[in-house]
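Q: This structure is in structure tokens; I'll ask about it shortly.
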Number of protein chains: 4
Amino acid sequence: MKLWLFGLYGIVGSTAVAGERAIRKGLADTTGLVSELPDFERLKDYAPLEFEFGGHDIRSLDKNLYQILEEHWELNQHFDYRILLRLREDLEKIKAKKGTAVGCGEGVLEELKPLQTLEDEGLTLREIAERVEADLAEFADGETVAVNVASTEPRPEFDPEVHGTLEGFERALRENRTDKITASMIYAYAALKNGIPFANFTPSVGSEIPALKELALKVGVPHAGNDGKTGETLVKTTLAPMFAYRNLEVLGWMGYNILGDLDGKVLAHEQNKRSKIVSKDKVIGKILGYYPYTITEINYFPSLQDNKTAFDFVHFRGFLGTKMKFYFVWDAVDAIVAAPLVLDIARFLLLAKKKGQKGVVKELAFFFKSPMETEEYNTHRQFEMLKDWFNRLVAA
Amino acid sequence: MKLWLFGLYGIVGSTAVAGERAIRKGLADTTGLVSELPDFERLKDYAPLEFEFGGHDIRSLDKNLYQILEEHWELNQHFDYRILLRLREDLEKIKAKKGTAVGCGEGVLEELKPLQTLEDEGLTLREIAERVEADLAEFADGETVAVNVASTEPRPEFDPEVHGTLEGFERALRENRTDKITASMIYAYAALKNGIPFANFTPSVGSEIPALKELALKVGVPHAGNDGKTGETLVKTTLAPMFAYRNLEVLGWMGYNILGDLDGKVLAHEQNKRSKIVSKDKVIGKILGYYPYTITEINYFPSLQDNKTAFDFVHFRGFLGTKMKFYFVWDAVDAIVAAPLVLDIARFLLLAKKKGQKGVVKELAFFFKSPMETEEYNTHRQFEMLKDWFNRLVAA
Amino acid sequence: MKLWLFGLYGIVGSTAVAGERAIRKGLADTTGLVSELPDFERLKDYAPLEFEFGGHDIRSLDKNLYQILEEHWELNQHFDYRILLRLREDLEKIKAKKGTAVGCGEGVLEELKPLQTLEDEGLTLREIAERVEADLAEFADGETVAVNVASTEPRPEFDPEVHGTLEGFERALRENRTDKITASMIYAYAALKNGIPFANFTPSVGSEIPALKELALKVGVPHAGNDGKTGETLVKTTLAPMFAYRNLEVLGWMGYNILGDLDGKVLAHEQNKRSKIVSKDKVIGKILGYYPYTITEINYFPSLQDNKTAFDFVHFRGFLGTKMKFYFVWDAVDAIVAAPLVLDIARFLLLAKKKGQKGVVKELAFFFKSPMETEEYNTHRQFEMLKDWFNRLVAA
Amino acid sequence: MKLWLFGLYGIVGSTAVAGERAIRKGLADTTGLVSELPDFERLKDYAPLEFEFGGHDIRSLDKNLYQILEEHWELNQHFDYRILLRLREDLEKIKAKKGTAVGCGEGVLEELKPLQTLEDEGLTLREIAERVEADLAEFADGETVAVNVASTEPRPEFDPEVHGTLEGFERALRENRTDKITASMIYAYAALKNGIPFANFTPSVGSEIPALKELALKVGVPHAGNDGKTGETLVKTTLAPMFAYRNLEVLGWMGYNILGDLDGKVLAHEQNKRSKIVSKDKVIGKILGYYPYTITEINYFPSLQDNKTAFDFVHFRGFLGTKMKFYFVWDAVDAIVAAPLVLDIARFLLLAKKKGQKGVVKELAFFFKSPMETEEYNTHRQFEMLKDWFNRLVAA
């Protein structure tokens with residue numbers, strides 16, 4: 001089995017690779033992997049935890065994945081250094097191919113420079129798509145999945161001409177419509193065209209446009225997204241139902257997130273931040289059935305690096321109108337929470353493919369902040385949905 | 001419909017009465033009442049939110065419920081004073097009958113004194129039980145429920161001779177076995193004997209012994225318990241599943257509760273506290289499937305009065321062995337969270353009775369820290385269980 | 001003794017009046033009043049806690065202070081309602097005069113409307129100043145102080161022509177330079193011209209410009225400011241020295257403030273917020289001697305009303321380079337913390353005046369976020385400075 | 001200059017050594033060292049940051065300090081592993097001598113076993129004291145200090161016969177009064193007898209008894225203690241003055257500490273914990289001038305290791321009687337906060353000695369939870385006291 005990561009050199013992608021290798025070498029256990037819960041035991045018959053890795057990235061292409069992880073480690077010390085040392089040989093063999101930053105916004109252009117992109121070689125959108133397709137074709141076998149873990153892009157306004165149909169999308173590629181098409185769409189397009197299941201772990205558009213949903217159905221490939229549900233939003237969507245079940249009125253919910261590292265730098269750019277905040281902010285209302293006053297902020301705090309910290313405050317009203325308070329602090333390392341989910345999603349998508357599923361797999365909502373084609377944001381119901389789907393599939 | 005409260009003059013009982021009255025007079029809305037959620041809309045056909053109230057207590061029996069609520073309000077200011085003023089006439093009509101403090105432990109004896117109890121009149125256990133039965137018989141009609149909201153008792157060791165069978169229990173009443181029988185058992189016994197559904201909202205023993213379960217089945221009455229799930233435990237049992245679903249290992253969970261008022265004083269007595277801590281502490285392990293290191297403490301903090309505040313800290317381990325942290329603070333008024341549940345439980349028990357249910361209604365687990373006859377502690381699954389049960393019942 | 005409050009009808013001003021009255025009537029004790037500490041015992045010989053009150057405001061001028069406080073209470077329930085009832089007669093006698101909102105920015109114009117201002121009567125700046133002077137002259141005796149507790153204004157850029165000299169300022173008044181002169185400057189000017197000590201409890205400009213400092217010296221009147229140090233900044237300036245003393249490097253300090261009520265609404269306007277944030281943000285660097293990364297945000301959160309809540313996070317580095325964390329939550333009612341300081345400052349300024357002090361009394365820095373003419377922001381040193389100054393003065 | 005550590009192999013002692021070495025090798029900066037603040041610049045003329053190290057311990061005596069630090073690191077990862085690797089050669093040269101656990105209580109006996117102590121060789125108290133003295137004599141030069149960083153002992157009741165005079169103490173040594181004399185007293189005695197300044201960084205008795213104070217004066221040696229002020233108490237004594245300055249009444253102060261590692265294990269023993277809690281608990285009252293309700297708890301939480309975490313809650317009352325709340329979380333690595341203070345204290349004691357000071361140096365109160373011979377617990381005043389003392393001394 002193979003896993004292609006768009007954004008392989010980011011901290012989430014590289015940590016996913018390190019984790020898989022560490023587990024296979026017996027240097028770490030399977031903590032953090034949903035797909036390794038007893039509930040999903042039979043998954044290993046369809047998609048064991050064994051991947052070969054490849055991916056695209058847009059910088060540091062002269063380095064290998066070990067060097068990249070050393071850099072991430074230097075800033076984050078996000079796992080035991082001795083594990084990294086013992087994975088060196090394995091990781092040195094993995095190198096990213098050159099990808100694209102089309103439509104990635106000022107945040108990416110400024111903070112990741114110097115960039116090395118296909119568009120800088122003078123390629124048009126169509127040519128970029130072809131190169132990405134060719135890279136994937138070369139790598140893939142029948143058991144390959146692709147996941148987007150690249151930096152958050154701004155979301156272009158929906159344009160039915162371009163995004164509404166596969167034909168329109170392909171026309172726009174030919175017409176080099178860089179105002180409408182972003183890297184995540186190209187990646188999704190290239191994967192699906194190759195018959196490779198695709199997941200979008202970011203708030204970028206990815207495969208959510210009708211054009212690409214059409215492609216997935218046409219080719220008969222499953223896909224999923226958007227935006228991995230990792231930290232504060234995971235807690236929010238676990239806790240908010242409690243207020244609903246108990247008929248306690250949420251008067252306001254403040255969610256204040258701070259983070260450093262590249263992700264923080266990119267999100268410090270208003271355009272890029274917008275995608276993320278929209279994705280995080282709506283969940284409360286979806287779960288409660290009404291929209292209380294909410295504050296959702298993300299701010300750059302350099303010394304934290306990838307140790308994303310969230311401060312939430314819930315003001316609520318109970319019996320006889322009395323106001324009460326709830327606070328939480330989430331103090332976690334984002335890549336450590338996110339990386340195993342990338343492996344989980346890949347495995348579940350492979351199962352879906354083997355079982356003949358095509359189009360959006362909405363039952364993977366459990367993994368996403370903005371799940372496609374479902375209104376279920378309650379973490380608990382999402383987990384039940386995932387288990388039911390899994391049990392149906394393996395029983396089939 | 002009628003509701004008898006054992007411990008009517010406590011802050012939970014008296015606030016439940018005030019709330020029901022305030023809602024009926026249009027002075028407050030139904031926030032906090034689970035039974036008023038749209039999911040349970042048809043409940044009003046069986047058990048509308050309209051009660052007459054009575055109850056037992058063991059002190060201040062010369063006062064009426066308005067005077068009692070003024071005292072609670074003076075210390076807690078737990079709802080808008082102007083509401084209380086407007087309920088005066090109604091509440092002045094309600095007075096508690098003399099109850100019992102048998103087996104209630106040093107905490108109750110010390111902190112609630114001067115007590116006015118049936119045993120102080122020289123009555124034996126059998127005579128006490130008869131008096132309580134007679135009080136209930138006089139009050140009740142065919143639509144009456146009884147709920148125990150009295151102070152937490154120590155839990156006597158299980159004795160099969162006394163607690164194992166109804167016959168043994170009644171023998172022990174006759175033999176005046178005050179070492180084995182506590183007030184909450186007598187209350188449960190008297191209610192059930194009268195054919196009145198009973199719920200135990202406290203960590204005391206109540207109706208959980210085989211003897212009383214036997215009685216409930218024999219008489220054909222539903223009952224439920226134990227220990228209302230109101231504050232920190234509600235949050236715990238909502239959040240802990242998240243760690244399980246995501247395969248994150250909980251290394252330790254600290255729950256530190258502080259509270260003032262009478263409840264705090266009673267729980268400052270080791271014997272009485274024990275019942276409560278056992279009830280709170282086990283939920284984590286039940287939900288996770290393993291028992292991490294836990295600290296569950298309750299301490300008296302006088303200035304807080306009924307504003308029970310909890311500090312929880314969760315230390316957990318994720319992918320690649322990395323340790324992370326989660327903190328929460330629950331800053332609520334216990335009576336405000338608890339009181340509406342008393343009304344909810346009463347209504348659901350009436351529905352159960354009307355639908356012919358008898359014995360433990362384990363589907364009411366959602367309301368309890370230590371639900372009887374179920375191992376389901378996950379708040380979300382409990383809520384689903386409640387809805388399913390309700391829908392089955394009203395469809396029947 | 002008399003106290004004139006610019007912004008009398010705001011929650012801080014009205015609560016200061018209520019508090020003074022409640023203490024004099026024996027309904028409340030002196031908790032919260034610095035001037036009532038044993039350290040300042042002899043203050044009562046110069047400036048006892050006994051004021052007559054008057055003030056300006058810019059809305060609701062048809063109402064009296066009791067009606068105003070009822071409105072504040074309805075939203076905030078910030079002290080025992082029964083105290084308010086017992087102050088009714090006293091408070092009904094107090095009514096604000098019409099003031100000015102010149103230069104108060106969009107925040108004030110939008111959120112406080114409908115306004116009733118002198119400028120709306122068609123008065124020029126010079127005429128406004130004269131009216132304010134006349135109001136003060138009518139009210140004042142030799143023991144009168146004036147304090148500005150009106151909403152935060154934007155700070156106009158310093159213009160040496162206008163703000164640099166008294167002559168320039170008076171010329172600008174005559175020339176009706178509404179682009180350069182704000183209400184707080186007019187208030188300060190009018191007070192000082194009347195020989196009345198003035199304090200600016202807000203982040204507005206007040207008497208800090210050279211023109212007005214010149215006036216104070218010329219007239220021989222003491223004054224002080226700016227911006228009452230009440231909540232998060234008080235804690236910050238108490239705690240930050242600890243990191244300095246211990247040679248712990250602060251890597252970043254996040255201060256996130258949320259509040260509702262009128263103050264929150266005004267500060268939701270960028271222009272008005274700016275003044276406040278600048279005042280709050282600089283203190284860390286002043287105390288540490290270097291400028292770590294800081295976030296200082298203020299956001300509107302309506303359900304909190306005046307219950308300003310702050311979340312602070314300090315990331316710091318210790319021995320051997322290890323990073324550590326500190327969090328705090330400040331959950332207080334702003335008016336309750338602020339109001340007594342208004343009385344304190346008034347009393348200390350009266351002492352200063354009686355002892356012949358003129359110009360900026362920098363030793364009152366303890367009360368301000370942005371103290372004038374001192375670089376001392378450490379709360380502890382400020383308190384020592386206040387005590388030393390007091391002791392020198394009363395010994396003189 | 002030389003520093004002898006009683007408890008050299010503990011995490012505080014060993015980290016102090018590692019830190020000093022790392023700084024001298026340029027692998028770490030001087031962050032965390034009070035003695036390196038610009039205020040104390042001239043200290044380097046008397047006591048530069050350059051020590052040779054030795055010490056006693058009671059276990060693992062076959063290992064060297066590098067091996068010991070590897071063990072601490074494995075559990076705590078309390079600083080960058082690469083620093084440790086580069087100190088290997090240096091640290092391997094340092095080995096502890098066998099010390100004593102006399103009177104160290106069940107906590108130490110249970111949790112540190114297998115112990116290797118002088119008393120296990122069959123030595124009497126007098127012989128133990130002689131051996132310790134001899135070890136010190138062999139190590140010391142004229143610029144040597146000794147600091148106790150061993151585990152917390154229970155505090156024996158004061159006995160004037162034994163503790164009241166030097167003569168009585170020496171008699172008790174001869175009479176082998178193991179019920180009255182503890183290891184920390186023997187260590188203090190041995191150091192002082194050798195003319196070596198002594199500091200007690202623990203809550204144990206150390207040199208605080210009149211007998212040893214007499215010895216210090218007789219020999220002409222300075223000493224200091226007790227109990228390094230490192231975490232929650234440091235914050236408490238920094239913050240509590242704020243409530244005093246502002247005349248805010250503290251209604252209650254809860255301090256809840258959790259920690260793992262050996263220290264946590266020892267303190268889980270009631271007898272040993274008592275010493276610590278008494279030391280922590282009294283500071284609030286000493287600073288406020290009245291004794292509010294306080295909770296001070298320390299609990300074992302194994303997964304945290306030396307990452308001592310404290311949760312504090314302050315309930316306070318302000319103007320007009322309104323109650324408000326303050327919370328903090330201190331999330332630090334105890335050894336990282338404590339270790340530099342050990343070096344600081346050693347340097348300041350050397351200065352004191354060179355300047356001819358003898359007896360208790362109460363001006364070092366800044367470093368201690370329970371400073372000897374002063375009632376000053378306010379961190380800020382302690383820091384001023386330290387600076388004044390230093391300036392007087394270096395000017396002398």
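Every chain in the structure tokens has a letter given in the order shown (A, B, ...), and although residue numbers restart at 1 in each chain, ligands are simply numbered from 1 in the order shown.
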Apply DSSP to the structure's backbone, then extract all residues of range 66-212 of chain A labelled strand (DSSP E) and return them as a ChimeraX atom specification.

A: /A:97-98,144-148,198-200

Q: Determine which residues of chain A sit within 8 Å of chain B, taking into account only C-alpha atoms, and present them as a PDB file with N, CA and C atoms, in the first residue's frame.

A:
ATOM      1  N   GLY A  19       5.846   8.367  12.101  1.00  0.00           N
ATOM      2  CA  GLY A  19       5.053   7.540  12.992  1.00  0.00           C
ATOM      3  C   GLY A  19       4.832   6.142  12.432  1.00  0.00           C
ATOM      4  N   ALA A  22       8.023   4.286  12.720  1.00  0.00           N
ATOM      5  CA  ALA A  22       8.373   3.974  14.116  1.00  0.00           C
ATOM      6  C   ALA A  22       7.537   2.795  14.615  1.00  0.00           C
ATOM      7  N   ALA A  28       7.453   2.680  18.557  1.00  0.00           N
ATOM      8  CA  ALA A  28       6.306   3.411  19.121  1.00  0.00           C
ATOM      9  C   ALA A  28       5.111   2.479  19.030  1.00  0.00           C
ATOM     10  N   ASP A  29       4.113   2.732  19.870  1.00  0.00           N
ATOM     11  CA  ASP A  29       2.901   1.915  19.775  1.00  0.00           C
ATOM     12  C   ASP A  29       1.857   2.637  18.920  1.00  0.00           C
ATOM     13  N   THR A  30       0.668   2.097  18.848  1.00  0.00           N
ATOM     14  CA  THR A  30      -0.309   2.635  17.904  1.00  0.00           C
ATOM     15  C   THR A  30      -1.236   3.696  18.519  1.00  0.00           C
ATOM     16  N   THR A  31      -0.862   4.193  19.692  1.00  0.00           N
ATOM     17  CA  THR A  31      -1.658   5.260  20.308  1.00  0.00           C
ATOM     18  C   THR A  31      -1.886   6.397  19.316  1.00  0.00           C
ATOM     19  N   GLY A  32      -3.109   6.898  19.285  1.00  0.00           N
ATOM     20  CA  GLY A  32      -3.428   8.015  18.413  1.00  0.00           C
ATOM     21  C   GLY A  32      -4.069   7.590  17.101  1.00  0.00           C
ATOM     22  N   LEU A  33      -3.964   6.317  16.769  1.00  0.00           N
ATOM     23  CA  LEU A  33      -4.537   5.814  15.516  1.00  0.00           C
ATOM     24  C   LEU A  33      -5.939   5.258  15.760  1.00  0.00           C
ATOM     25  N   VAL A  34      -6.916   5.919  15.243  1.00  0.00           N
ATOM     26  CA  VAL A  34      -8.300   5.464  15.341  1.00  0.00           C
ATOM     27  C   VAL A  34      -8.454   4.099  14.677  1.00  0.00           C
ATOM     28  N   GLU A  36      -6.666   1.720  14.607  1.00  0.00           N
ATOM     29  CA  GLU A  36      -6.133   0.600  15.387  1.00  0.00           C
ATOM     30  C   GLU A  36      -6.987   0.284  16.613  1.00  0.00           C
ATOM     31  N   LEU A  37      -8.119   0.939  16.758  1.00  0.00           N
ATOM     32  CA  LEU A  37      -9.029   0.587  17.859  1.00  0.00           C
ATOM     33  C   LEU A  37      -9.608  -0.810  17.614  1.00  0.00           C
ATOM     34  N   HIS A  78       8.958  17.454  19.096  1.00  0.00           N
ATOM     35  CA  HIS A  78       7.612  16.914  19.247  1.00  0.00           C
ATOM     36  C   HIS A  78       7.532  15.429  19.521  1.00  0.00           C
ATOM     37  N   PHE A  79       8.658  14.743  19.464  1.00  0.00           N
ATOM     38  CA  PHE A  79       8.680  13.359  19.953  1.00  0.00           C
ATOM     39  C   PHE A  79      10.108  13.023  20.342  1.00  0.00           C
ATOM     40  N   ASP A  80      10.295  11.860  20.883  1.00  0.00           N
ATOM     41  CA  ASP A  80      11.602  11.473  21.427  1.00  0.00           C
ATOM     42  C   ASP A  80      12.666  11.452  20.325  1.00  0.00           C
ATOM     43  N   VAL A 235     -12.601  19.190  20.533  1.00  0.00           N
ATOM     44  CA  VAL A 235     -13.170  19.342  21.876  1.00  0.00           C
ATOM     45  C   VAL A 235     -14.550  20.014  21.796  1.00  0.00           C
ATOM     46  N   THR A 238     -17.233  17.799  20.713  1.00  0.00           N
ATOM     47  CA  THR A 238     -17.494  16.750  21.702  1.00  0.00           C
ATOM     48  C   THR A 238     -18.329  17.306  22.847  1.00  0.00           C
ATOM     49  N   LEU A 239     -18.036  18.553  23.201  1.00  0.00           N
ATOM     50  CA  LEU A 239     -18.667  19.174  24.368  1.00  0.00           C
ATOM     51  C   LEU A 239     -19.992  19.858  24.070  1.00  0.00           C
ATOM     52  N   PRO A 241     -22.539  19.195  22.327  1.00  0.00           N
ATOM     53  CA  PRO A 241     -23.770  18.405  22.467  1.00  0.00           C
ATOM     54  C   PRO A 241     -24.278  18.344  23.906  1.00  0.00           C
ATOM     55  N   MET A 242     -23.373  18.358  24.869  1.00  0.00           N
ATOM     56  CA  MET A 242     -23.797  18.313  26.271  1.00  0.00           C
ATOM     57  C   MET A 242     -24.761  19.447  26.595  1.00  0.00           C
ATOM     58  N   TYR A 245     -28.096  18.566  24.897  1.00  0.00           N
ATOM     59  CA  TYR A 245     -28.832  17.471  25.558  1.00  0.00           C
ATOM     60  C   TYR A 245     -29.503  17.963  26.837  1.00  0.00           C
ATOM     61  N   ARG A 246     -28.812  18.867  27.523  1.00  0.00           N
ATOM     62  CA  ARG A 246     -29.322  19.308  28.813  1.00  0.00           C
ATOM     63  C   ARG A 246     -30.175  20.572  28.707  1.00  0.00           C
ATOM     64  N   ASN A 247     -30.447  20.995  27.501  1.00  0.00           N
ATOM     65  CA  ASN A 247     -31.288  22.184  27.288  1.00  0.00           C
ATOM     66  C   ASN A 247     -30.714  23.415  28.002  1.00  0.00           C
ATOM     67  N   LEU A 248     -29.390  23.489  28.031  1.00  0.00           N
ATOM     68  CA  LEU A 248     -28.715  24.664  28.582  1.00  0.00           C
ATOM     69  C   LEU A 248     -28.425  25.605  27.419  1.00  0.00           C
ATOM     70  N   GLU A 249     -28.772  26.865  27.564  1.00  0.00           N
ATOM     71  CA  GLU A 249     -28.609  27.787  26.451  1.00  0.00           C
ATOM     72  C   GLU A 249     -27.199  28.359  26.413  1.00  0.00           C
ATOM     73  N   ARG A 317     -26.634  29.627  30.088  1.00  0.00           N
ATOM     74  CA  ARG A 317     -27.750  30.012  30.925  1.00  0.00           C
ATOM     75  C   ARG A 317     -28.536  28.757  31.263  1.00  0.00           C
ATOM     76  N   GLY A 318     -28.867  28.605  32.549  1.00  0.00           N
ATOM     77  CA  GLY A 318     -29.604  27.420  32.962  1.00  0.00           C
ATOM     78  C   GLY A 318     -30.963  27.756  33.524  1.00  0.00           C
ATOM     79  N   PHE A 319     -31.434  26.866  34.330  1.00  0.00           N
ATOM     80  CA  PHE A 319     -32.740  26.937  34.984  1.00  0.00           C
ATOM     81  C   PHE A 319     -32.899  28.296  35.677  1.00  0.00           C
ATOM     82  N   LEU A 320     -34.082  28.829  35.589  1.00  0.00           N
ATOM     83  CA  LEU A 320     -34.416  30.095  36.242  1.00  0.00           C
ATOM     84  C   LEU A 320     -33.563  31.258  35.726  1.00  0.00           C
ATOM     85  N   GLY A 321     -32.957  31.061  34.556  1.00  0.00           N
ATOM     86  CA  GLY A 321     -32.233  32.147  33.904  1.00  0.00           C
ATOM     87  C   GLY A 321     -30.826  32.404  34.397  1.00  0.00           C
ATOM     88  N   THR A 322     -30.331  31.578  35.297  1.00  0.00           N
ATOM     89  CA  THR A 322     -29.015  31.818  35.898  1.00  0.00           C
ATOM     90  C   THR A 322     -27.869  31.548  34.909  1.00  0.00           C
ATOM     91  N   MET A 324     -23.964  30.752  33.891  1.00  0.00           N
ATOM     92  CA  MET A 324     -22.835  29.981  34.432  1.00  0.00           C
ATOM     93  C   MET A 324     -21.695  29.959  33.404  1.00  0.00           C
ATOM     94  N   LYS A 325     -20.555  29.375  33.815  1.00  0.00           N
ATOM     95  CA  LYS A 325     -19.344  29.472  32.996  1.00  0.00           C
ATOM     96  C   LYS A 325     -18.588  28.153  32.888  1.00  0.00           C
ATOM     97  N   PHE A 326     -17.975  27.980  31.759  1.00  0.00           N
ATOM     98  CA  PHE A 326     -17.104  26.825  31.541  1.00  0.00           C
ATOM     99  C   PHE A 326     -15.891  27.296  30.755  1.00  0.00           C
ATOM    100  N   TYR A 327     -14.728  26.839  31.166  1.00  0.00           N
ATOM    101  CA  TYR A 327     -13.478  27.201  30.499  1.00  0.00           C
ATOM    102  C   TYR A 327     -12.706  25.934  30.149  1.00  0.00           C
ATOM    103  N   PHE A 328     -12.015  25.943  29.017  1.00  0.00           N
ATOM    104  CA  PHE A 328     -11.022  24.874  28.847  1.00  0.00           C
ATOM    105  C   PHE A 328      -9.764  25.374  28.157  1.00  0.00           C
ATOM    106  N   VAL A 329      -8.693  24.657  28.427  1.00  0.00           N
ATOM    107  CA  VAL A 329      -7.415  24.917  27.759  1.00  0.00           C
ATOM    108  C   VAL A 329      -6.973  23.614  27.107  1.00  0.00           C
ATOM    109  N   TRP A 330      -6.702  23.701  25.838  1.00  0.00           N
ATOM    110  CA  TRP A 330      -6.193  22.550  25.079  1.00  0.00           C
ATOM    111  C   TRP A 330      -4.741  22.853  24.768  1.00  0.00           C
ATOM    112  N   ASP A 331      -3.846  22.023  25.300  1.00  0.00           N
ATOM    113  CA  ASP A 331      -2.413  22.291  25.183  1.00  0.00           C
ATOM    114  C   ASP A 331      -1.772  21.073  24.538  1.00  0.00           C
ATOM    115  N   ALA A 332      -1.788  21.045  23.210  1.00  0.00           N
ATOM    116  CA  ALA A 332      -1.339  19.847  22.503  1.00  0.00           C
ATOM    117  C   ALA A 332      -0.410  20.200  21.355  1.00  0.00           C
ATOM    118  N   VAL A 333       0.233  19.189  20.826  1.00  0.00           N
ATOM    119  CA  VAL A 333       1.102  19.377  19.674  1.00  0.00           C
ATOM    120  C   VAL A 333       0.301  18.980  18.447  1.00  0.00           C
ATOM    121  N   ILE A 336       1.131  15.973  16.251  1.00  0.00           N
ATOM    122  CA  ILE A 336       0.998  14.685  16.933  1.00  0.00           C
ATOM    123  C   ILE A 336      -0.457  14.228  16.942  1.00  0.00           C
ATOM    124  N   VAL A 337      -1.369  15.173  17.012  1.00  0.00           N
ATOM    125  CA  VAL A 337      -2.785  14.817  16.965  1.00  0.00           C
ATOM    126  C   VAL A 337      -3.216  14.546  15.523  1.00  0.00           C
ATOM    127  N   ALA A 339      -1.227  13.788  12.642  1.00  0.00           N
ATOM    128  CA  ALA A 339      -0.537  12.822  11.782  1.00  0.00           C
ATOM    129  C   ALA A 339      -1.207  11.445  11.744  1.00  0.00           C
ATOM    130  N   PRO A 340      -1.601  10.886  12.886  1.00  0.00           N
ATOM    131  CA  PRO A 340      -2.200   9.547  12.795  1.00  0.00           C
ATOM    132  C   PRO A 340      -3.504   9.544  12.002  1.00  0.00           C
ATOM    133  N   THR A 379     -19.307  14.930  17.386  1.00  0.00           N
ATOM    134  CA  THR A 379     -18.233  13.937  17.332  1.00  0.00           C
ATOM    135  C   THR A 379     -18.731  12.532  17.667  1.00  0.00           C
ATOM    136  N   HIS A 380     -19.632  12.458  18.622  1.00  0.00           N
ATOM    137  CA  HIS A 380     -20.128  11.153  19.061  1.00  0.00           C
ATOM    138  C   HIS A 380     -20.954  10.481  17.983  1.00  0.00           C
ATOM    139  N   PHE A 383     -18.742   9.315  15.258  1.00  0.00           N
ATOM    140  CA  PHE A 383     -18.032   8.073  15.565  1.00  0.00           C
ATOM    141  C   PHE A 383     -18.960   6.865  15.364  1.00  0.00           C
TER     142      PHE A 383
END

Q: When DSSP works through the backbone of this structure, what residues of range 44-206 of chain B end up as helix (DSSP H, G or I), shown as a ChimeraX atom specification?

A: /B:44-46,65-76,81-92,105-111,119-121,125-139,160-163,166-174,183-193

Q: How many Å separate CA of Trp253 in chain B from CA of Thr296 in chain B?

A: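 These two atoms are separated by 8.3 Å.
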
Q: Write out as a PyMOL selection string the residues lying within 8 Å of Leu125 in chain B, counting only C-alpha atoms and excluding same-chain residues fewer than 2 positions away.

A: chain B and resi 119+123+127-129+173-174+176-178

Q: Could you turn the residues from that selection into a file that holds N, CA and C atoms, as a tab-separated table (two decimals), in the first residue's frame?

A:
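Writing the result to out.tsv gives the following:
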chain	number	residue	atom	x	y	z
B	119	GLU	N	-37.28	9.40	64.51
B	119	GLU	CA	-36.61	8.57	65.51
B	119	GLU	C	-36.46	9.32	66.83
B	123	LEU	N	-39.63	6.54	67.66
B	123	LEU	CA	-40.17	5.51	66.77
B	123	LEU	C	-39.10	4.50	66.36
B	127	GLU	N	-41.96	1.61	62.64
B	127	GLU	CA	-42.90	2.72	62.85
B	127	GLU	C	-42.58	3.92	61.96
B	128	ILE	N	-41.28	4.17	61.79
B	128	ILE	CA	-40.89	5.26	60.88
B	128	ILE	C	-41.40	4.97	59.48
B	129	ALA	N	-41.14	3.76	59.03
B	129	ALA	CA	-41.58	3.38	57.69
B	129	ALA	C	-43.09	3.55	57.56
B	173	LEU	N	-36.53	-4.32	59.36
B	173	LEU	CA	-37.33	-3.17	59.84
B	173	LEU	C	-37.96	-3.51	61.19
B	174	ARG	N	-38.54	-4.69	61.24
B	174	ARG	CA	-39.20	-5.10	62.49
B	174	ARG	C	-38.18	-5.22	63.62
B	176	ASN	N	-35.64	-3.53	63.93
B	176	ASN	CA	-35.04	-2.21	64.16
B	176	ASN	C	-33.52	-2.21	63.94
B	177	ARG	N	-33.10	-2.76	62.81
B	177	ARG	CA	-31.67	-2.88	62.50
B	177	ARG	C	-31.12	-1.54	61.98
B	178	THR	N	-30.94	-0.59	62.87
B	178	THR	CA	-30.48	0.74	62.46
B	178	THR	C	-29.04	0.74	61.95
